[in-house]
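Participant: Have a look at this one.
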Amino acid sequence: MNIARRLFLKFSPLIMWRGPSLLAAEAKSESLFLGQGTMSGEVTDSTVLLQTRLTLTTQLNADGDLPGTAGVACFEWSTKEDFSEAQRTPFQAAADKHDSIVRAELTGLKPNTIYHFRASYGATEATAQAGPSCSFKTLAGGAIDTPVRFIVGSCMNYNKFMLGKQGKASGPLTATDEDKHLGYPSFDSMLKLRPDFFVGTGDIVYYDHPLRVAKTVPQLRQCWHEQFRFPRMIEFFRRVPTYWSKDDHDFRYNESDNSTDDLPLPKTGIDMFREQLPMLTADSDKPTYRTHRVSKDLQIWLTEGRDYRSPNEMADGPEKSIWGTEQRDWLKRTLKASDAKWKILISPTPMVGPDDLKKIDNHADLHGFRHEANAFFTWLKENQIDNLKLVCGDRHWQYHSIHPSGIEEFACGALNDENSRMGVAPGDQKGSDPQALVRQLYTSPTPNGGYLQITAGDELTFEHFDSRGNSHYRAVR
């Protein structure tokens with residue numbers, strides 16, 4: 001028996017515990033369940049994607065998975081909390097081909113408006129019953145002046161959270177038995193802040209944890225099933241719309257590019273991310289880099305860091321790119337066209353850092369993709385792109401850094417304490433900034449998980465929180 005299996009059996013009473021009888025977690029119709037809840041994604045001022053998954057139970061089985069099941073589902077939505085005057089999408093089959101996931105796009109919505117929605121599901125249309133009520137708020141768009149508050153999070157490591165030292169935890173072991181029942185404390189404290197939306201910027205799951213490396217499609221899917229069945233996550237995502245980007249661990253493996261035939265293959269990683277999260281319609285071939293005009297004051301950009309990158313081992317220079325030519329041209333074009341007061345580029349990986357000297361897969365690394373980053377910073381100055389701030393995931397500590405060009409970057413850190421670590425300081429000879437050219441206004445003084453809250457209005461405020469909701473640092477621009 002391998003070590004991963006032995007540890008699963010040892011900790012299965014915690015992993016398989018059902019949690020409290022939250023409506024979202026307990027939703028069922030006959031013998032069908034919404035074991036991963038219902039969520040919304042990619043909301044704009046007039047559209048949104050809704051998603052749910054039909055499951056056999058709300059508990060992990062003996063293999064640590066949450067099996068899907070056949071059935072049908074549709075979505076009802078209304079501006080009324082009691083669902084009067086509700087509209088309904090057509091029923092869809094929950095098919096094994098799509099991991100029993102049902103997703104639908106709503107169009108023609110009103111900007112800056114709260115909508116209530118729920119899944120109606122069952123073995124057949126005739127037996128379908130309504131699931132728990134959920135909600136989202138459409139974006140205001142460029143014509144409406146309103147404050148916006150959202151949260152950016154990254155790096156949820158399930159095995160470190162559940163298994164602690166046996167799970168190769170890098171940070172403090174703070175998860176209680178109750179936390180392991182309910183899920184990451186960050187989702188409880190984030191919900192109390194009532195954000196308008198959440199951005200998950202990579203490493204949402206870890207395919208390559210040494211205790212259990214996922215390579216096949218069933219193994220990859222299991223990583224998503226075990227993660228998104230936590231009651232705290234179900235409760236959070238039924239109330240807070242989402243945007244998602246992938247990084248290395250939820251694409252293939254650590255620092256992965258597209259240059260090897262190791263499993264999972266690049267196409268598998270791309271397809272799996274598109275399948276599991278509401279960021280595109282099921283049949284869409286659109287690229288996953290995009291921009292959203294959130295309000296009159298705010299526009300955000302979400303970049304794609306894995307699909308188009310050059311090999312990591314390639315010598316740095318003008319031909320080496322994380323973004324690829326088309327994405328880079330799109331980014332420059334849309335930045336120049338924007339008249340938003342505040343512009344925020346949300347990247348799965350850092351552009352300023354500092355980072356570890358040994359790393360080679362991001363824009364901040366000495367032997368990575370620094371030429372592209374520096375060329376972009378120069379372009380920003382030459383084209384007078386003002387008030388652009390960078391936000392990144394990937395790094396397991398929180399920081400606020402300023403590049404020599406003046407560009408500011410905020411790292412959101414890891415969502416759970418067990419996946420956190422101490423950062424790399426400017427001037428560290430084992431880091432990517434040995435000459436201390438980067439000015440760092442804040443870095444986590446001790447290892448801790450947490451997230452970054454951003455508020456945009458007359459002022460732009462960045463605030464780092466730990467996983468229990470304590471504020472550690474605040475910067476106002």
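Labels for the structure tokens follow display order: chains A, B, ..., residues from 1 in each chain, ligands from 1.
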Report as a VMD selection string all protein, DNA and RNA residues lying within 8 Å of Thr89 of chain A, evaluated on only C-alpha atoms, omitting residues in the same chain fewer than 3 positions from it.
Facilitator: chain A and resid 74 to 76 104
Participant: Find the spatial neighbours of Leu345 of chain A, counting only C-alpha atoms, within a cut-off of 10 Å - ignore same-chain residues fewer than 3 positions away - and output them as JSON, numbers by chain.
Facilitator: {"A": [291, 299, 300, 301, 302, 303, 331, 335, 348, 388, 389, 390, 391, 392, 409]}
Participant: For the selection just defined, write its residues with C-alpha atoms to a file, as a JSON list (two decimals), in the first residue's frame.
Facilitator:
```json
[["chain", "number", "residue", "atom", "x", "y", "z"],
["A", 291, "THR", "CA", -10.42, 42.33, -19.66],
["A", 299, "GLN", "CA", -10.90, 48.04, -15.34],
["A", 300, "ILE", "CA", -9.17, 44.71, -14.73],
["A", 301, "TRP", "CA", -7.06, 42.49, -17.00],
["A", 302, "LEU", "CA", -6.54, 38.74, -16.44],
["A", 303, "THR", "CA", -3.60, 37.29, -18.34],
["A", 331, "LEU", "CA", -2.79, 43.69, -23.71],
["A", 335, "LEU", "CA", -4.55, 49.26, -22.07],
["A", 348, "PRO", "CA", -0.96, 34.25, -12.13],
["A", 388, "LEU", "CA", -1.69, 50.60, -13.61],
["A", 389, "LYS", "CA", -1.11, 48.31, -10.63],
["A", 390, "LEU", "CA", -0.03, 44.68, -10.75],
["A", 391, "VAL", "CA", -1.54, 41.90, -8.63],
["A", 392, "CYS", "CA", -0.10, 38.39, -8.65],
["A", 409, "GLU", "CA", 2.98, 44.88, -7.45]]
```
Participant: Could you state the separation of atom CA of Ala95 of chain A and atom CA of Met156 of chain A in Å, given to one decimal place?
Facilitator: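 Result for atom CA of Ala95 of chain A versus atom CA of Met156 of chain A: 27.7 Å, one decimal.
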Participant: From segment 23-222 of chain A, collect each residue whose DSSP state is helix (DSSP H, G or I) and return the set as a PDB file with N, CA and C atoms, in the first residue's frame.
Facilitator:
```pdb
ATOM      1  N   LEU A  23     -27.644  24.453   3.655  1.00  0.00           N
ATOM      2  CA  LEU A  23     -28.522  24.183   2.522  1.00  0.00           C
ATOM      3  C   LEU A  23     -27.727  23.877   1.271  1.00  0.00           C
ATOM      4  N   ALA A  24     -26.646  24.637   1.061  1.00  0.00           N
ATOM      5  CA  ALA A  24     -25.867  24.442  -0.158  1.00  0.00           C
ATOM      6  C   ALA A  24     -25.230  23.066  -0.199  1.00  0.00           C
ATOM      7  N   ALA A  25     -24.743  22.600   0.943  1.00  0.00           N
ATOM      8  CA  ALA A  25     -24.071  21.313   0.976  1.00  0.00           C
ATOM      9  C   ALA A  25     -25.055  20.157   0.943  1.00  0.00           C
ATOM     10  N   GLU A  26     -26.288  20.362   1.461  1.00  0.00           N
ATOM     11  CA  GLU A  26     -27.231  19.276   1.604  1.00  0.00           C
ATOM     12  C   GLU A  26     -28.243  19.204   0.465  1.00  0.00           C
ATOM     13  N   ASP A  96     -21.438  12.314 -18.290  1.00  0.00           N
ATOM     14  CA  ASP A  96     -20.108  11.924 -17.835  1.00  0.00           C
ATOM     15  C   ASP A  96     -19.022  12.573 -18.690  1.00  0.00           C
ATOM     16  N   LYS A  97     -19.336  12.819 -19.958  1.00  0.00           N
ATOM     17  CA  LYS A  97     -18.364  13.451 -20.857  1.00  0.00           C
ATOM     18  C   LYS A  97     -17.880  14.782 -20.314  1.00  0.00           C
ATOM     19  N   HIS A  98     -18.767  15.496 -19.610  1.00  0.00           N
ATOM     20  CA  HIS A  98     -18.429  16.798 -19.036  1.00  0.00           C
ATOM     21  C   HIS A  98     -18.385  16.735 -17.517  1.00  0.00           C
ATOM     22  N   TYR A 158      -4.604  21.329  -0.946  1.00  0.00           N
ATOM     23  CA  TYR A 158      -5.502  20.438  -0.216  1.00  0.00           C
ATOM     24  C   TYR A 158      -4.754  19.480   0.699  1.00  0.00           C
ATOM     25  N   ASN A 159      -3.708  18.857   0.196  1.00  0.00           N
ATOM     26  CA  ASN A 159      -2.995  17.856   0.988  1.00  0.00           C
ATOM     27  C   ASN A 159      -2.249  18.478   2.164  1.00  0.00           C
ATOM     28  N   LYS A 160      -1.657  19.649   1.953  1.00  0.00           N
ATOM     29  CA  LYS A 160      -1.006  20.329   3.068  1.00  0.00           C
ATOM     30  C   LYS A 160      -2.025  20.729   4.133  1.00  0.00           C
ATOM     31  N   PHE A 161      -3.192  21.179   3.689  1.00  0.00           N
ATOM     32  CA  PHE A 161      -4.248  21.594   4.608  1.00  0.00           C
ATOM     33  C   PHE A 161      -4.791  20.405   5.406  1.00  0.00           C
ATOM     34  N   MET A 162      -5.059  19.299   4.740  1.00  0.00           N
ATOM     35  CA  MET A 162      -5.680  18.156   5.403  1.00  0.00           C
ATOM     36  C   MET A 162      -4.695  17.315   6.200  1.00  0.00           C
ATOM     37  N   LEU A 163      -3.447  17.208   5.729  1.00  0.00           N
ATOM     38  CA  LEU A 163      -2.510  16.248   6.305  1.00  0.00           C
ATOM     39  C   LEU A 163      -1.343  16.883   7.046  1.00  0.00           C
ATOM     40  N   GLY A 164      -1.206  18.206   7.006  1.00  0.00           N
ATOM     41  CA  GLY A 164      -0.174  18.865   7.785  1.00  0.00           C
ATOM     42  C   GLY A 164       1.229  18.429   7.406  1.00  0.00           C
ATOM     43  N   LYS A 165       2.019  18.003   8.392  1.00  0.00           N
ATOM     44  CA  LYS A 165       3.401  17.603   8.122  1.00  0.00           C
ATOM     45  C   LYS A 165       3.475  16.431   7.160  1.00  0.00           C
ATOM     46  N   GLN A 166       2.552  15.461   7.315  1.00  0.00           N
ATOM     47  CA  GLN A 166       2.548  14.337   6.365  1.00  0.00           C
ATOM     48  C   GLN A 166       2.227  14.804   4.955  1.00  0.00           C
ATOM     49  N   GLY A 167       1.536  15.927   4.853  1.00  0.00           N
ATOM     50  CA  GLY A 167       1.207  16.497   3.553  1.00  0.00           C
ATOM     51  C   GLY A 167       2.244  17.476   3.046  1.00  0.00           C
ATOM     52  N   ASP A 177      -9.593  20.456  13.562  1.00  0.00           N
ATOM     53  CA  ASP A 177     -10.471  19.404  13.060  1.00  0.00           C
ATOM     54  C   ASP A 177     -11.720  19.999  12.421  1.00  0.00           C
ATOM     55  N   GLU A 178     -12.244  21.058  13.025  1.00  0.00           N
ATOM     56  CA  GLU A 178     -13.426  21.706  12.453  1.00  0.00           C
ATOM     57  C   GLU A 178     -13.109  22.299  11.089  1.00  0.00           C
ATOM     58  N   ASP A 179     -11.931  22.928  10.947  1.00  0.00           N
ATOM     59  CA  ASP A 179     -11.538  23.473   9.649  1.00  0.00           C
ATOM     60  C   ASP A 179     -11.467  22.372   8.599  1.00  0.00           C
ATOM     61  N   LYS A 180     -10.936  21.224   8.983  1.00  0.00           N
ATOM     62  CA  LYS A 180     -10.826  20.123   8.020  1.00  0.00           C
ATOM     63  C   LYS A 180     -12.191  19.560   7.663  1.00  0.00           C
ATOM     64  N   HIS A 181     -13.162  19.786   8.521  1.00  0.00           N
ATOM     65  CA  HIS A 181     -14.542  19.410   8.207  1.00  0.00           C
ATOM     66  C   HIS A 181     -15.177  20.415   7.248  1.00  0.00           C
ATOM     67  N   LEU A 182     -14.946  21.698   7.526  1.00  0.00           N
ATOM     68  CA  LEU A 182     -15.657  22.761   6.827  1.00  0.00           C
ATOM     69  C   LEU A 182     -14.906  23.338   5.632  1.00  0.00           C
ATOM     70  N   PRO A 185     -10.334  28.260   6.288  1.00  0.00           N
ATOM     71  CA  PRO A 185     -10.875  29.399   7.041  1.00  0.00           C
ATOM     72  C   PRO A 185     -10.961  30.687   6.225  1.00  0.00           C
ATOM     73  N   SER A 186     -10.091  30.839   5.233  1.00  0.00           N
ATOM     74  CA  SER A 186     -10.123  32.056   4.423  1.00  0.00           C
ATOM     75  C   SER A 186     -11.502  32.312   3.820  1.00  0.00           C
ATOM     76  N   PHE A 187     -12.196  31.251   3.419  1.00  0.00           N
ATOM     77  CA  PHE A 187     -13.494  31.459   2.769  1.00  0.00           C
ATOM     78  C   PHE A 187     -14.544  31.954   3.758  1.00  0.00           C
ATOM     79  N   ASP A 188     -14.422  31.570   5.002  1.00  0.00           N
ATOM     80  CA  ASP A 188     -15.320  32.072   6.032  1.00  0.00           C
ATOM     81  C   ASP A 188     -15.054  33.555   6.281  1.00  0.00           C
ATOM     82  N   SER A 189     -13.783  33.931   6.432  1.00  0.00           N
ATOM     83  CA  SER A 189     -13.466  35.338   6.717  1.00  0.00           C
ATOM     84  C   SER A 189     -13.675  36.221   5.486  1.00  0.00           C
ATOM     85  N   MET A 190     -13.443  35.697   4.285  1.00  0.00           N
ATOM     86  CA  MET A 190     -13.683  36.494   3.074  1.00  0.00           C
ATOM     87  C   MET A 190     -15.163  36.801   2.900  1.00  0.00           C
ATOM     88  N   LEU A 191     -16.027  35.828   3.189  1.00  0.00           N
ATOM     89  CA  LEU A 191     -17.459  36.042   3.030  1.00  0.00           C
ATOM     90  C   LEU A 191     -17.964  37.169   3.928  1.00  0.00           C
ATOM     91  N   LYS A 192     -17.375  37.292   5.109  1.00  0.00           N
ATOM     92  CA  LYS A 192     -17.787  38.350   6.041  1.00  0.00           C
ATOM     93  C   LYS A 192     -17.476  39.742   5.496  1.00  0.00           C
ATOM     94  N   VAL A 217      -7.191  11.851 -16.664  1.00  0.00           N
ATOM     95  CA  VAL A 217      -8.365  12.709 -16.510  1.00  0.00           C
ATOM     96  C   VAL A 217      -9.146  12.393 -15.236  1.00  0.00           C
ATOM     97  N   PRO A 218      -9.434  11.129 -14.890  1.00  0.00           N
ATOM     98  CA  PRO A 218     -10.125  10.868 -13.618  1.00  0.00           C
ATOM     99  C   PRO A 218      -9.344  11.370 -12.404  1.00  0.00           C
ATOM    100  N   GLN A 219      -8.030  11.240 -12.433  1.00  0.00           N
ATOM    101  CA  GLN A 219      -7.217  11.720 -11.304  1.00  0.00           C
ATOM    102  C   GLN A 219      -7.237  13.243 -11.217  1.00  0.00           C
ATOM    103  N   LEU A 220      -7.183  13.914 -12.357  1.00  0.00           N
ATOM    104  CA  LEU A 220      -7.236  15.375 -12.370  1.00  0.00           C
ATOM    105  C   LEU A 220      -8.585  15.858 -11.851  1.00  0.00           C
ATOM    106  N   ARG A 221      -9.646  15.236 -12.317  1.00  0.00           N
ATOM    107  CA  ARG A 221     -10.982  15.625 -11.877  1.00  0.00           C
ATOM    108  C   ARG A 221     -11.141  15.437 -10.365  1.00  0.00           C
ATOM    109  N   GLN A 222     -10.571  14.382  -9.830  1.00  0.00           N
ATOM    110  CA  GLN A 222     -10.693  14.142  -8.394  1.00  0.00           C
ATOM    111  C   GLN A 222     -10.144  15.308  -7.585  1.00  0.00           C
TER     112      GLN A 222
END
```
Participant: For Ile360 of chain A, please output as a list of chain:residue names all residues within 12 Å (counting only C-alpha atoms; exclusion window: fewer than 4 positions along the same chain).
Facilitator: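 Those residues are A:Asn254, A:Glu255, A:Ser256, A:Asp257, A:Ser310, A:Pro311, A:Asn312, A:Glu313, A:Met314, A:Ala315, A:Asp316, A:Ile322, A:Thr349, A:Pro350, A:Asp355, A:Asp356, A:Ala364, A:Asp365, A:Leu366, A:His367, A:Gly368, A:Phe369, A:Arg370, A:Gly431, A:Ser432.
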Participant: Out of A:Lys358, A:Arg252, A:Arg53, A:Lys336, which residue has the shortest atom-to-atom distance to Glu275 of chain A when counting only C-alpha atoms?
Facilitator: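 The closest residue to Glu275 of chain A is A:Arg53.
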Participant: Of the candidates A:Ala119, A:Leu452, A:Ala126, A:Leu49, which shows the shortest atom-to-atom distance to Arg88 of chain A, using only C-alpha atoms?
Facilitator: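 Residue with the minimum atom-to-atom distance to Arg88 of chain A: A:Ala119.
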